[in-house]
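What follows is a set of notes on a single structure, which appears directly below.
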Amino acid sequence: MTGGKRVLLIIGGGIAAYKSLDLIRRLRERGVKVKVVMTAAAQQFITPLAAGALTAEKVYTDLFDREAEQDVGHIRLARDTGLIIVAPATADLMAKMAQGLAGDLASTVLLATNRPVLVAPAMNPAMWAHPATQRNVATLKTDGIAFIGPESGEMAESGEAGLGRMAEPLAIAERALELLEAGSALPARPLAGKHVVITSGPTHEPIDPVRYIANRSSGKQGHAIAAAAAEAGARVTLISGPVTLPDPAGVTVIPVETAKEMLAAVEAALPADVAIMAAAVADWRVAQEGSEKIKKDGSGQPPALALVENPDILSTVGHLAGNRPKLVVGFAAETQNLIANAQGKLQRKAADWIVANDVSPSTGVMGGDANTVRIVTHDGIEDWPTLGKTEVARRLVARIAAALETAEG
Ligand code: C5P
């Protein structure tokens, strides 16, 4: 049911503004009534006439437009809607929002609103990665603003690529409908005030200065959980082995290489309300790391590499006496006897839940984008359908939030 749903779309000044015209169409196709506010900069890229033709509504551009003020007024514009979408959200517009500035119609509406706000950033990758922008993003998330994107890819400027492209209009429209249907004044932030520590990625265990033992973990699932926990309002410390993924927005990332470093970083990050150990930690490391590159000695015999067991981070955290997080979640990536092995881990490592997944090569889970998981707890087993890793992350975070709420009564 989308009848009666209304969106106020604030279009910022960027080349992605042309995609906002498509966004209007996608929203209208879904039965959503759209009003548009355009910043002065947006009008350098697209015209109010084009936006007006697509919305069949007056387009608002000026804070001091007497006619518009008599008509609806900026306060009504800010509140008389189910949702505000800012797309494209420029670095400048996000900085104004984070600071609470209200110098033009767009920023005034954003300050005056009591409705949910969905922001779709679009900017040059260097501007997105800048600590000032990331600070603003973190502030806005803490304020309850929902984000979609940016995505990585080619930029409009030739030769520029990276994280900064606006999310696709269809994805924005779908997210907007979710928020409209949720109908709350602010997007739910069920983990606000909680600290979540997450491990992700593989570890690299050096053999000598140039070689190491590793595994095929991409870190996608752990990083997606970190992003979902941050979106849910948590303070997130992500301790990551070597991965090629971008740092999730609004998350403190601590890069490590080895299992020993990962354990030390986890211990330093505590206390936490929740620990999610999603890293594929190498079980063994080389007993005596070579200080020089190991050479063939001409005998035809390979060197004997003695291995020693790594510390088990999940088990260490699960067995903590004083500082144990309320909820300790581990993963079990198995190629056989999935449930029996997961249940064994639950007991041995003193975890509360084990997220079990089949990583047989035929499943494509390792490094892929989809995952079929089962949640093994002390109360039973829950089967989840095959989902994208982002969706698995969101559901897991929602389940964690619900469990904390029940525990805290
Ligand atoms: O025993 P196995 O490696 O299958 O256990 C997987 C779970 O234990 C994962 O949650 C993983 O992050 C964690 N683990 C760990 N430290 C290790 C080995 C595994 O935290 N050394």
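The chains in the structure tokens are called A, B, ... from first to last as shown; in each chain the residues are counted from 1, and the ligands are counted from 1 in the order shown.
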Taking only C-alpha atoms and all ligand atoms and a cut-off of 10 Å, can you tell me which residues surround ligand 1, written as a ChimeraX atom specification? /A:198-203,222,258-260,262-263,266,275-285,309-318,328-334,341-342,344-346,348-349,351,353-356
As a ChimeraX atom specification, please: the residues near region 21-30 of chain A (cut-off 9 Å, only C-alpha atoms, same-chain neighbours under 4 positions excluded). /A:2-3,7,9,17,34,36,46,50-51,54-55,87,168-170,172-174,176-177
Under the rule of at most 12 Å, produce a per-residue listing of region 137-169 of chain A near region 239-256 of chain A: chain, number, name, the closest pair of atoms, and the distance in Å, as JSON lines, using only C-alpha atoms.
```
{"residue": "A:Val137", "atom": "CA", "partner": "A:Gly250", "partner_atom": "CA", "distance": 6.6}
{"residue": "A:Ala138", "atom": "CA", "partner": "A:Gly250", "partner_atom": "CA", "distance": 4.7}
{"residue": "A:Thr139", "atom": "CA", "partner": "A:Gly250", "partner_atom": "CA", "distance": 8.4}
{"residue": "A:Leu140", "atom": "CA", "partner": "A:Gly250", "partner_atom": "CA", "distance": 9.5}
{"residue": "A:Lys141", "atom": "CA", "partner": "A:Gly250", "partner_atom": "CA", "distance": 7.6}
{"residue": "A:Thr142", "atom": "CA", "partner": "A:Gly250", "partner_atom": "CA", "distance": 9.1}
{"residue": "A:Ala146", "atom": "CA", "partner": "A:Ala249", "partner_atom": "CA", "distance": 11.9}
{"residue": "A:Phe147", "atom": "CA", "partner": "A:Ala249", "partner_atom": "CA", "distance": 9.7}
{"residue": "A:Ile148", "atom": "CA", "partner": "A:Ala249", "partner_atom": "CA", "distance": 10.9}
{"residue": "A:Gly149", "atom": "CA", "partner": "A:Ala249", "partner_atom": "CA", "distance": 9.8}
{"residue": "A:Pro150", "atom": "CA", "partner": "A:Ala249", "partner_atom": "CA", "distance": 9.9}
{"residue": "A:Glu151", "atom": "CA", "partner": "A:Pro246", "partner_atom": "CA", "distance": 10.5}
{"residue": "A:Ser152", "atom": "CA", "partner": "A:Pro246", "partner_atom": "CA", "distance": 9.5}
{"residue": "A:Gly162", "atom": "CA", "partner": "A:Pro246", "partner_atom": "CA", "distance": 9.7}
{"residue": "A:Leu163", "atom": "CA", "partner": "A:Pro246", "partner_atom": "CA", "distance": 8.2}
{"residue": "A:Gly164", "atom": "CA", "partner": "A:Pro246", "partner_atom": "CA", "distance": 11.6}
```
Could you tell me which of A:Ala40, A:Ala171, A:Ala393, A:Ile213 comes closest to Ala230 (chain A) if we count only C-alpha atoms?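 Nearest to Ala230 (chain A): A:Ala393.
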For region 396-406 of chain A, list every protein, DNA or RNA residue within 9 Å, evaluated using only C-alpha atoms, and leave out those in the same chain fewer than 3 positions away; present the list as a list in words.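 My list of contacting residues is Pro190, Leu191, Ile225, Ala228, Ala229, Ala232, Asp273, Val274, Lys326, Leu327, Glu391, Val392, Ala393 and Gly409 of chain A.
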Name the residues of region 49-200 of chain A that come out as alpha helix (DSSP H) in a backbone DSSP run; write them as a PyMOL selection string. chain A and resi 49-55+66-71+74-79+91-99+105-112+125-129+131-142+169-182
Just list as a PyMOL selection string whatever in region 236-377 of chain A DSSP marks as strand (DSSP E). chain A and resi 236-240+252-255+274-277+284-286+307-309+327-334+353-358+370-371+373-377
Excluding Gly368 (chain A) and any residue of its chain fewer than 2 positions from it, enumerate the residues within 10 Å of it, using only C-alpha atoms, and give them as a PDB file with C-alpha atoms, in the first residue's frame.
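Heads up, here's the output in out-v7.pdb:
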```pdb
ATOM      1  CA  SER A 217      38.118 -14.957   3.202  1.00  0.00           C
ATOM      2  CA  SER A 218      37.153 -11.659   1.508  1.00  0.00           C
ATOM      3  CA  LYS A 220      32.581  -9.095   2.818  1.00  0.00           C
ATOM      4  CA  GLN A 221      30.305 -10.603   5.452  1.00  0.00           C
ATOM      5  CA  THR A 363      28.303 -22.796  -2.839  1.00  0.00           C
ATOM      6  CA  GLY A 364      30.408 -19.805  -3.967  1.00  0.00           C
ATOM      7  CA  VAL A 365      30.109 -18.289  -0.480  1.00  0.00           C
ATOM      8  CA  MET A 366      33.848 -17.612  -0.071  1.00  0.00           C
ATOM      9  CA  ALA A 370      25.368 -14.315  -1.226  1.00  0.00           C
ATOM     10  CA  ASN A 371      25.227 -16.467   1.874  1.00  0.00           C
ATOM     11  CA  GLY A 388      22.839 -11.148  -0.079  1.00  0.00           C
ATOM     12  CA  LYS A 389      25.592 -10.627   2.526  1.00  0.00           C
TER      13      LYS A 389
END
```
The residue from A:Met38, A:Ala214, A:Ala227, A:Ile85 with the smallest atom-to-atom distance to Ile11 (chain A), counting only C-alpha atoms, is A:Met38
Just want the 7 Å neighbourhood of region 204-211 of chain A, counted on only C-alpha atoms, with same-chain residues fewer than 5 positions away dropped. Output as a PDB file with C-alpha atoms, in the first residue's frame.
```pdb
ATOM      1  CA  GLU A 257      47.749  -8.860   9.899  1.00  0.00           C
ATOM      2  CA  THR A 258      48.126 -11.810  12.224  1.00  0.00           C
ATOM      3  CA  ARG A 285      51.188 -19.914  12.446  1.00  0.00           C
ATOM      4  CA  VAL A 286      54.767 -20.808  11.649  1.00  0.00           C
ATOM      5  CA  GLU A 289      59.207 -16.978  11.360  1.00  0.00           C
ATOM      6  CA  GLY A 290      62.298 -16.694   9.119  1.00  0.00           C
ATOM      7  CA  SER A 291      64.023 -13.345   9.507  1.00  0.00           C
ATOM      8  CA  GLU A 292      65.385 -13.706   5.948  1.00  0.00           C
ATOM      9  CA  LYS A 293      63.759 -15.143   2.846  1.00  0.00           C
ATOM     10  CA  ILE A 294      64.050 -18.932   3.045  1.00  0.00           C
TER      11      ILE A 294
END
```
